[in-house]
$ cat start-v9.cif   # mmCIF, C-alpha atoms
data_final
#
loop_
_atom_site.label_atom_id
_atom_site.label_comp_id
_atom_site.auth_asym_id
_atom_site.auth_seq_id
_atom_site.Cartn_x
_atom_site.Cartn_y
_atom_site.Cartn_z
CA MET A 1 75.90 39.01 126.11
CA PRO A 2 73.11 40.56 123.99
CA LEU A 3 70.49 38.11 122.78
CA THR A 4 70.69 37.62 119.03
CA VAL A 5 68.37 35.71 116.74
CA ASP A 6 69.36 34.39 113.34
CA LEU A 7 66.40 35.46 111.25
CA ASP A 8 67.74 33.31 108.38
CA THR A 9 66.33 30.27 110.17
CA TYR A 10 62.82 31.65 110.00
CA SER A 11 60.66 32.09 106.96
CA SER A 12 59.25 35.58 106.56
CA GLN A 13 55.96 34.07 105.38
CA PRO A 14 53.83 31.31 106.98
CA SER A 15 53.85 27.94 105.24
CA PHE A 16 50.08 27.70 105.46
CA GLU A 17 47.04 29.94 105.58
CA ASN A 18 44.93 29.91 108.74
CA PRO A 19 42.20 32.55 109.04
CA SER A 20 42.12 32.10 112.83
CA LEU A 21 45.71 33.35 113.13
CA GLN A 22 46.93 36.89 112.64
CA ARG A 23 50.41 38.32 112.33
CA HIS A 24 51.58 40.30 115.35
CA SER A 25 51.77 44.00 114.46
CA LYS A 26 55.17 44.49 116.11
CA TYR A 27 56.99 41.16 116.22
CA TYR A 28 56.24 39.47 112.93
CA PHE A 29 59.22 40.34 110.74
CA ASN A 30 58.93 40.33 106.98
CA ASP A 31 62.68 40.55 106.83
CA ASP A 32 65.27 39.70 104.24
CA LEU A 33 69.04 39.95 104.16
CA VAL A 34 70.52 42.56 101.87
CA ILE A 35 74.08 42.97 100.56
CA PHE A 36 75.86 46.33 100.63
CA LYS A 37 79.20 47.33 99.13
CA VAL A 38 81.11 49.84 101.26
CA GLU A 39 84.52 50.73 99.88
CA ASN A 40 85.98 47.29 99.07
CA SER A 41 83.95 45.31 101.62
CA LEU A 42 80.64 43.48 101.31
CA PHE A 43 78.14 43.46 104.17
CA ARG A 44 75.12 41.13 104.37
CA VAL A 45 72.69 42.38 107.01
CA HIS A 46 69.01 42.43 107.89
CA LYS A 47 66.76 45.10 106.47
CA HIS A 48 64.76 45.39 109.66
CA TYR A 49 66.94 47.84 111.60
CA LEU A 50 67.67 49.97 108.56
CA ILE A 51 64.00 50.36 107.64
CA LYS A 52 62.92 50.89 111.23
CA GLU A 53 65.45 53.64 112.01
CA SER A 54 65.89 55.52 108.73
CA GLU A 55 63.46 57.12 106.29
CA VAL A 56 66.24 57.11 103.72
CA PHE A 57 66.42 53.32 103.77
CA GLN A 58 62.63 53.06 103.95
CA SER A 59 62.45 54.94 100.66
CA MET A 60 65.33 52.94 99.19
CA PHE A 61 63.68 49.59 99.81
CA SER A 62 60.19 50.76 98.81
CA CYS A 63 61.29 51.71 95.30
CA PRO A 64 60.43 49.09 92.65
CA PRO A 65 63.44 47.42 91.01
CA ASP A 66 64.49 48.36 87.50
CA THR A 67 64.37 46.00 84.53
CA ALA A 68 67.73 44.50 85.50
CA GLY A 69 66.30 43.25 88.78
CA PRO A 70 66.72 44.28 92.42
CA GLU A 71 70.06 45.22 93.91
CA GLY A 72 71.38 43.77 97.13
CA CYS A 73 70.32 40.17 96.58
CA THR A 74 73.60 38.83 95.21
CA GLU A 75 77.28 39.62 95.70
CA ASP A 76 77.73 40.54 92.07
CA LYS A 77 74.99 43.16 92.34
CA PRO A 78 75.20 44.75 95.83
CA ILE A 79 73.75 48.06 96.90
CA VAL A 80 76.65 50.50 96.74
CA LEU A 81 76.93 53.11 99.49
CA PRO A 82 79.24 55.76 98.02
CA GLU A 83 81.31 58.04 100.27
CA VAL A 84 80.64 55.81 103.29
CA LYS A 85 83.67 54.33 105.05
CA VAL A 86 83.88 50.75 106.30
CA GLN A 87 84.55 51.96 109.85
CA GLU A 88 81.41 54.12 109.77
CA PHE A 89 79.13 51.33 108.57
CA GLU A 90 80.70 48.90 111.06
CA ALA A 91 79.97 51.33 113.89
CA LEU A 92 76.33 51.62 112.81
CA LEU A 93 75.89 47.84 112.63
CA ASP A 94 77.64 47.40 115.99
CA VAL A 95 75.00 49.62 117.57
CA PHE A 96 72.18 47.66 115.93
CA TYR A 97 73.47 44.18 116.70
CA GLU A 98 75.61 44.49 119.83
CA ARG A 99 74.53 47.27 122.13
CA GLY A 100 72.29 44.97 124.20
CA TYR A 101 70.21 46.32 127.04
CA CYS A 102 72.61 48.50 129.04
CA ASP A 103 72.00 52.22 128.54
CA LYS A 104 73.28 53.43 131.91
CA GLU A 105 76.23 55.71 132.50
CA PRO A 106 78.95 55.85 131.46
CA ARG A 107 78.40 53.54 128.48
CA ILE A 108 75.00 55.14 127.65
CA GLY A 109 73.93 52.38 125.26
CA LEU A 110 77.10 51.95 123.25
CA PRO A 111 78.08 48.39 122.23
CA SER A 112 79.79 46.47 125.02
CA THR A 113 82.34 45.21 122.47
CA TRP A 114 83.70 48.75 122.19
CA PHE A 115 85.05 48.47 125.74
CA SER A 116 87.62 45.69 125.90
CA ARG A 117 87.75 45.75 129.70
CA GLY A 118 84.02 46.07 130.08
CA ASP A 119 84.43 49.38 131.88
CA ALA A 120 84.22 52.71 130.06
CA SER A 121 85.90 54.52 132.95
CA LYS A 122 89.15 52.56 132.51
CA LEU A 123 89.95 53.48 128.90
CA ASP A 124 93.55 54.45 128.25
CA ALA A 125 94.59 57.20 125.83
CA ASP A 126 94.81 54.92 122.78
CA GLU A 127 91.42 53.35 123.54
CA LYS A 128 89.84 56.78 123.91
CA ALA A 129 91.32 57.85 120.58
CA HIS A 130 89.88 54.73 118.91
CA LEU A 131 86.51 55.31 120.57
CA ARG A 132 86.49 58.88 119.30
CA GLU A 133 87.09 57.66 115.73
CA ARG A 134 84.23 55.20 116.07
CA LEU A 135 81.86 57.81 117.49
CA GLN A 136 82.69 60.34 114.80
CA GLY A 137 82.12 57.63 112.18
CA LEU A 138 78.80 56.76 113.81
CA LEU A 139 77.80 60.43 113.85
CA SER A 140 78.72 60.75 110.17
CA VAL A 141 76.76 57.76 108.88
CA ALA A 142 73.78 58.48 111.15
CA ASP A 143 73.60 62.06 109.89
CA ARG A 144 73.99 61.01 106.25
CA PHE A 145 71.14 58.48 106.31
CA GLY A 146 68.82 60.09 108.84
CA PHE A 147 69.26 57.72 111.79
CA GLU A 148 68.10 60.35 114.28
CA GLU A 149 68.12 58.15 117.39
CA ILE A 150 71.58 56.82 116.59
CA LYS A 151 72.82 60.34 115.87
CA GLY A 152 71.54 61.40 119.28
CA LEU A 153 73.43 58.51 120.87
CA ALA A 154 76.67 59.54 119.14
CA ILE A 155 76.23 63.17 120.18
CA LYS A 156 75.54 62.20 123.80
CA ALA A 157 78.65 60.01 123.90
CA LEU A 158 80.87 62.67 122.32
CA GLU A 159 79.73 65.12 125.00
CA LYS A 160 80.99 62.85 127.80
CA ASP A 161 84.46 63.90 128.92
CA SER A 162 84.81 60.52 130.63
CA LEU A 163 84.66 58.87 127.20
CA VAL A 164 86.03 61.42 124.75
CA LYS A 165 87.61 64.82 125.16
CA LEU A 166 86.62 67.20 122.39
CA GLY A 167 87.99 70.73 122.40
CA PRO A 168 85.91 73.71 121.24
CA VAL A 169 87.59 73.76 117.81
CA ASP A 170 86.74 70.08 117.27
CA LYS A 171 83.15 70.67 118.32
CA ILE A 172 82.73 73.60 115.94
CA ILE A 173 84.07 71.55 113.02
CA LEU A 174 81.83 68.55 113.80
CA ALA A 175 78.83 70.79 114.47
CA HIS A 176 79.11 72.33 111.00
CA GLN A 177 79.75 68.97 109.32
CA PHE A 178 76.90 67.10 110.94
CA ASP A 179 74.42 69.80 111.95
CA VAL A 180 74.89 69.73 115.73
CA SER A 181 73.88 73.33 116.30
CA ASP A 182 73.70 73.02 120.10
CA TRP A 183 77.49 72.72 120.24
CA LEU A 184 78.22 76.00 118.48
CA ARG A 185 77.43 78.71 121.02
CA PRO A 186 79.24 77.03 123.98
CA ALA A 187 82.27 76.29 121.80
CA TYR A 188 82.42 79.84 120.42
CA THR A 189 82.11 81.18 123.98
CA LYS A 190 85.04 79.07 125.23
CA LEU A 191 87.27 80.35 122.43
CA CYS A 192 86.11 83.89 123.09
CA GLN A 193 86.93 83.73 126.80
CA ARG A 194 90.14 81.72 126.87
CA SER A 195 93.37 83.63 127.40
CA LYS A 196 95.17 82.41 124.26
CA PRO A 197 94.03 83.44 120.76
CA LEU A 198 93.54 80.87 118.02
CA SER A 199 96.72 79.18 116.92
CA THR A 200 97.65 79.01 113.24
CA THR A 201 96.69 75.33 113.20
CA GLU A 202 93.30 75.99 114.80
CA ALA A 203 92.58 78.85 112.43
CA GLY A 204 93.45 76.61 109.49
CA LYS A 205 91.03 73.93 110.69
CA LEU A 206 88.19 76.40 111.25
CA GLY A 207 88.69 78.33 108.04
CA ALA A 208 89.44 81.99 107.49
CA GLU A 209 85.88 83.26 107.92
CA THR A 210 85.15 81.51 111.23
CA ALA A 211 88.60 82.39 112.59
CA ALA A 212 88.05 86.06 111.73
CA LEU A 213 84.62 86.08 113.43
CA ILE A 214 86.08 84.52 116.59
CA ALA A 215 88.79 87.21 116.60
CA GLN A 216 86.08 89.89 116.36
CA ALA A 217 84.12 88.32 119.23
CA ARG A 218 87.27 88.14 121.38
CA GLU A 219 88.03 91.81 120.71
CA MET A 220 84.46 92.84 121.55
CA TYR A 221 84.57 90.79 124.77
CA ARG A 222 87.91 92.28 125.85
CA ASP A 223 86.65 95.80 125.20
CA SER A 224 83.77 95.26 127.62
CA GLU A 225 83.63 97.03 130.99
CA ALA A 226 83.31 93.73 132.87
CA PHE A 227 86.53 92.40 131.37
CA ALA A 228 88.39 95.67 132.00
CA GLU A 229 87.35 95.62 135.67
CA THR A 230 88.84 92.18 136.22
CA LYS A 231 92.18 93.35 134.86
CA SER A 232 92.35 96.72 136.61
CA PRO A 233 94.83 96.91 139.55
CA TYR A 234 92.80 99.82 140.93
CA ASN A 235 89.55 97.97 141.45
CA LEU A 236 88.56 98.90 144.99
CA MET A 237 85.00 97.54 144.95
CA PRO A 238 83.97 95.76 148.18
CA ALA A 239 84.38 92.00 148.14
CA PHE A 240 80.64 91.36 148.51
CA ASP A 241 80.01 93.37 145.31
CA PHE A 242 82.94 92.05 143.31
CA SER A 243 83.14 88.42 144.39
CA PRO A 244 84.51 85.87 141.92
CA ALA A 245 80.98 84.56 141.34
CA VAL A 246 79.63 88.00 140.46
CA ALA A 247 82.64 88.73 138.26
CA ARG A 248 82.20 85.40 136.46
CA ILE A 249 78.54 86.14 135.76
CA GLY A 250 79.43 89.54 134.32
CA LEU A 251 82.15 88.08 132.12
CA ASP A 252 79.90 85.25 130.90
CA ARG A 253 77.20 87.74 130.04
CA GLU A 254 79.62 89.90 128.04
CA ALA A 255 80.97 86.84 126.21
CA ASP A 256 77.44 85.73 125.34
CA THR A 257 76.67 89.25 124.10
CA ALA A 258 79.76 89.22 121.87
CA ILE A 259 79.00 85.76 120.47
CA SER A 260 75.36 86.69 119.82
CA ALA A 261 76.34 89.90 118.03
CA ILE A 262 78.98 88.27 115.84
CA PHE A 263 77.61 84.77 115.15
CA PHE A 264 73.85 84.99 115.80
CA PRO A 265 72.76 88.56 114.95
CA GLU A 266 69.30 87.43 113.84
CA THR A 267 68.57 85.34 116.95
CA LYS A 268 65.28 86.25 118.56
CA PRO A 269 63.70 84.88 121.72
CA SER A 270 61.01 82.24 121.38
CA HIS A 271 57.47 83.66 121.30
CA SER A 272 56.07 80.57 123.05
CA VAL A 273 57.28 81.91 126.42
CA ASP A 274 56.26 85.27 127.88
CA GLU A 275 59.59 87.01 128.49
CA SER A 276 58.27 90.48 129.21
CA GLY A 277 60.18 92.20 131.98
CA VAL A 278 63.08 89.71 131.82
CA ASP A 279 66.45 90.66 130.32
CA SER A 280 67.22 88.41 127.32
CA LYS A 281 70.92 88.50 128.23
CA ASP A 282 70.11 87.13 131.69
CA ILE A 283 68.01 84.37 130.12
CA ALA A 284 70.88 83.38 127.83
CA LEU A 285 73.34 83.39 130.73
CA VAL A 286 71.16 81.14 132.95
CA ILE A 287 70.77 78.69 130.05
CA GLN A 288 74.52 78.75 129.37
CA GLN A 289 75.40 78.15 133.03
CA THR A 290 72.84 75.42 133.78
CA GLY A 291 71.71 73.93 130.47
CA CYS A 292 68.06 74.41 131.48
CA SER A 293 65.21 75.19 129.09
CA ARG A 294 64.42 78.77 128.11
CA ALA A 295 61.05 78.56 129.88
CA LYS A 296 62.72 77.50 133.14
CA ALA A 297 65.31 80.27 132.84
CA VAL A 298 62.53 82.86 132.49
CA ARG A 299 60.63 81.39 135.45
CA VAL A 300 63.59 81.31 137.88
CA LEU A 301 64.62 84.85 136.90
CA ARG A 302 61.12 86.09 137.69
CA GLU A 303 61.00 84.17 140.96
CA SER A 304 64.39 85.59 142.00
CA SER A 305 63.43 89.13 140.95
CA GLY A 306 66.27 89.18 138.45
CA ASP A 307 69.00 88.07 140.89
CA LEU A 308 71.31 86.08 138.61
CA ILE A 309 73.11 84.05 141.26
CA ASN A 310 69.86 82.91 142.91
CA ALA A 311 68.33 82.21 139.50
CA ILE A 312 71.28 80.05 138.43
CA MET A 313 71.16 78.14 141.72
CA ALA A 314 67.40 77.57 141.33
CA ALA A 315 67.76 76.44 137.71
CA SER A 316 70.46 73.96 138.74
CA ASP A 317 68.15 72.16 141.20
#
$ encode --input "start-v9.cif" --output "structure tokens"
Amino acid sequence: MPLTVDLDTYSSQPSFENPSLQRHSKYYFNDDLVIFKVENSLFRVHKHYLIKESEVFQSMFSCPPDTAGPEGCTEDKPIVLPEVKVQEFEALLDVFYERGYCDKEPRIGLPSTWFSRGDASKLDADEKAHLRERLQGLLSVADRFGFEEIKGLAIKALEKDSLVKLGPVDKIILAHQFDVSDWLRPAYTKLCQRSKPLSTTEAGKLGAETAALIAQAREMYRDSEAFAETKSPYNLMPAFDFSPAVARIGLDREADTAISAIFFPETKPSHSVDESGVDSKDIALVIQQTGCSRAKAVRVLRESSGDLINAIMAASD
């Protein structure tokens, strides 16, 4: 069980002045309880976590009160958080008060109370659906109020297939809602390469513009020479030249080219890394396949003299 301390039992100020004593810079809390109204529920919580984790709340609590007095001190005058749902605020407070010390896989720092059996790997379908709702609520409230560390925790959890399964359409929607740009390119690529086009339901969720762009990327990808070769019954290339691994690399490169052209036409390589003599498409493909940094992708491509398979294997180590 996580250790909790009821700060109500401690005064935020000493009862006497002693010049020989000084307040600890990290663990002397000038903390008060504050009351929030979220939908039709009242929450009374400590300021400490909110101020520590969020510049939005730092600014909120640093503003002087108006002539009517400060908000959040009494139930008849709470601080109202509009457009925030009870489930979202509960998820945020659960992380603050209940996550304890365990940040190892597969729970990665989520509150132990979110796992009724104490084991994240044994969640059934209903429990995974409930966990997904909680994580999306946590992502929403963290993004809204600038809780960057908590947002990172929610993103990391949502990326774990062992906890939650998000399809590419879901990831695109959440990425646009909550500014998770790293999800966009891989999700677009999956939709570009999969055999089935977008369904009517998926297109409706994504919106007409995004659905049309994905259709363009799919058409561009399927018009590529690499894609045509995989479908041709007359491909007589030797097995060592046209192995599944080589074919996959060619297809991934064409998909990345299509996605870049349609969704990221202004994307330019970073100038902090010398990429002279290295194909930018190969760099993008190594990053896509391994998740490594751009600098590492450039390095392994140079060390492998441009051999993509060897570069990908080196970047995976």
$ residues_near_point --input "start-v9.cif" --point "(83.3, 88.9, 118.8)" --cutoff "8 Å" --atoms "only C-alpha atoms" --output "list of chain:residue names"
A:Cys192, A:Leu213, A:Ile214, A:Ala215, A:Gln216, A:Ala217, A:Arg218, A:Glu219, A:Met220, A:Tyr221, A:Ala258, A:Ile259, A:Ala261, A:Ile262, A:Phe263
$ resolve_selection --input "start-v9.cif" --expression "the PyMOL selection byres ((chain A and resi 162) around 8)" --output "NGL selection string"
:A and (106 or 120-121 or 160-161 or 163-165)
$ write_last_selection --input "start-v9.cif" --atoms "C-alpha atoms" --output "compact mmCIF listing (two decimals), in the frame of the given file"
# COMPACT_ATOMS: atom_id res chain seq x y z
CA PRO A 106 78.95 55.85 131.46
CA ALA A 120 84.22 52.71 130.06
CA SER A 121 85.90 54.52 132.95
CA LYS A 160 80.99 62.85 127.80
CA ASP A 161 84.46 63.90 128.92
CA LEU A 163 84.66 58.87 127.20
CA VAL A 164 86.03 61.42 124.75
CA LYS A 165 87.61 64.82 125.16
$ atom_distance --input "start-v9.cif" --atom1 "atom CA of Asp94 of chain A" --atom2 "atom CA of Gly137 of chain A"
11.8 Å
$ closest_atom_pairs --input "start-v9.cif" --of "segment 49-166 of chain A" --to "segment 171-179 of chain A" --cutoff "9 Å" --atoms "all atoms listed in the file" --output "CSV"
residue,atom,partner,partner_atom,distance
A:Gln136,CA,A:Leu174,CA,8.3
A:Leu139,CA,A:Phe178,CA,7.3
A:Ser140,CA,A:Phe178,CA,6.7
A:Asp143,CA,A:Phe178,CA,6.1
A:Arg144,CA,A:Phe178,CA,8.2
A:Leu166,CA,A:Lys171,CA,6.4
$ atom_distance --input "start-v9.cif" --atom1 "atom CA of Arg132 of chain A" --atom2 "atom CA of Ser293 of chain A"
28.5 Å
$ resolve_selection --input "start-v9.cif" --expression "the PyMOL selection byres ((chain A and resi 71) around 12)" --output "mmCIF file with C-alpha atoms, in the coordinates of the input"
data_model
loop_
_atom_site.group_PDB
_atom_site.id
_atom_site.type_symbol
_atom_site.label_atom_id
_atom_site.label_comp_id
_atom_site.auth_asym_id
_atom_site.auth_seq_id
_atom_site.Cartn_x
_atom_site.Cartn_y
_atom_site.Cartn_z
ATOM 1 C CA LEU A 33 69.040 39.950 104.160
ATOM 2 C CA VAL A 34 70.520 42.560 101.870
ATOM 3 C CA ILE A 35 74.080 42.970 100.560
ATOM 4 C CA PHE A 36 75.860 46.330 100.630
ATOM 5 C CA LYS A 37 79.200 47.330 99.130
ATOM 6 C CA MET A 60 65.330 52.940 99.190
ATOM 7 C CA PHE A 61 63.680 49.590 99.810
ATOM 8 C CA CYS A 63 61.290 51.710 95.300
ATOM 9 C CA PRO A 64 60.430 49.090 92.650
ATOM 10 C CA PRO A 65 63.440 47.420 91.010
ATOM 11 C CA ASP A 66 64.490 48.360 87.500
ATOM 12 C CA THR A 67 64.370 46.000 84.530
ATOM 13 C CA ALA A 68 67.730 44.500 85.500
ATOM 14 C CA GLY A 69 66.300 43.250 88.780
ATOM 15 C CA PRO A 70 66.720 44.280 92.420
ATOM 16 C CA GLY A 72 71.380 43.770 97.130
ATOM 17 C CA CYS A 73 70.320 40.170 96.580
ATOM 18 C CA THR A 74 73.600 38.830 95.210
ATOM 19 C CA GLU A 75 77.280 39.620 95.700
ATOM 20 C CA ASP A 76 77.730 40.540 92.070
ATOM 21 C CA LYS A 77 74.990 43.160 92.340
ATOM 22 C CA PRO A 78 75.200 44.750 95.830
ATOM 23 C CA ILE A 79 73.750 48.060 96.900
ATOM 24 C CA VAL A 80 76.650 50.500 96.740
ATOM 25 C CA LEU A 81 76.930 53.110 99.490
#
$ closest_residue --input "start-v9.cif" --among "A:Leu42, A:Ala284, A:Ala228, A:Ala91" --to "Arg253 of chain A" --atoms "only C-alpha atoms"
A:Ala284
$ resolve_selection --input "start-v9.cif" --expression "the PyMOL selection byres ((chain A and resi 156) around 12)" --output "compact mmCIF listing (two decimals) with C-alpha atoms, in the frame of the given file"
# COMPACT_ATOMS: atom_id res chain seq x y z
CA ASP A 103 72.00 52.22 128.54
CA GLU A 105 76.23 55.71 132.50
CA PRO A 106 78.95 55.85 131.46
CA ARG A 107 78.40 53.54 128.48
CA ILE A 108 75.00 55.14 127.65
CA GLY A 109 73.93 52.38 125.26
CA LEU A 110 77.10 51.95 123.25
CA LEU A 135 81.86 57.81 117.49
CA GLN A 136 82.69 60.34 114.80
CA LEU A 138 78.80 56.76 113.81
CA LEU A 139 77.80 60.43 113.85
CA GLU A 149 68.12 58.15 117.39
CA ILE A 150 71.58 56.82 116.59
CA LYS A 151 72.82 60.34 115.87
CA GLY A 152 71.54 61.40 119.28
CA LEU A 153 73.43 58.51 120.87
CA ALA A 154 76.67 59.54 119.14
CA ILE A 155 76.23 63.17 120.18
CA ALA A 157 78.65 60.01 123.90
CA LEU A 158 80.87 62.67 122.32
CA GLU A 159 79.73 65.12 125.00
CA LYS A 160 80.99 62.85 127.80
CA ASP A 161 84.46 63.90 128.92
CA SER A 162 84.81 60.52 130.63
CA LEU A 163 84.66 58.87 127.20
CA VAL A 164 86.03 61.42 124.75
CA VAL A 180 74.89 69.73 115.73
CA ASP A 182 73.70 73.02 120.10
CA TRP A 183 77.49 72.72 120.24
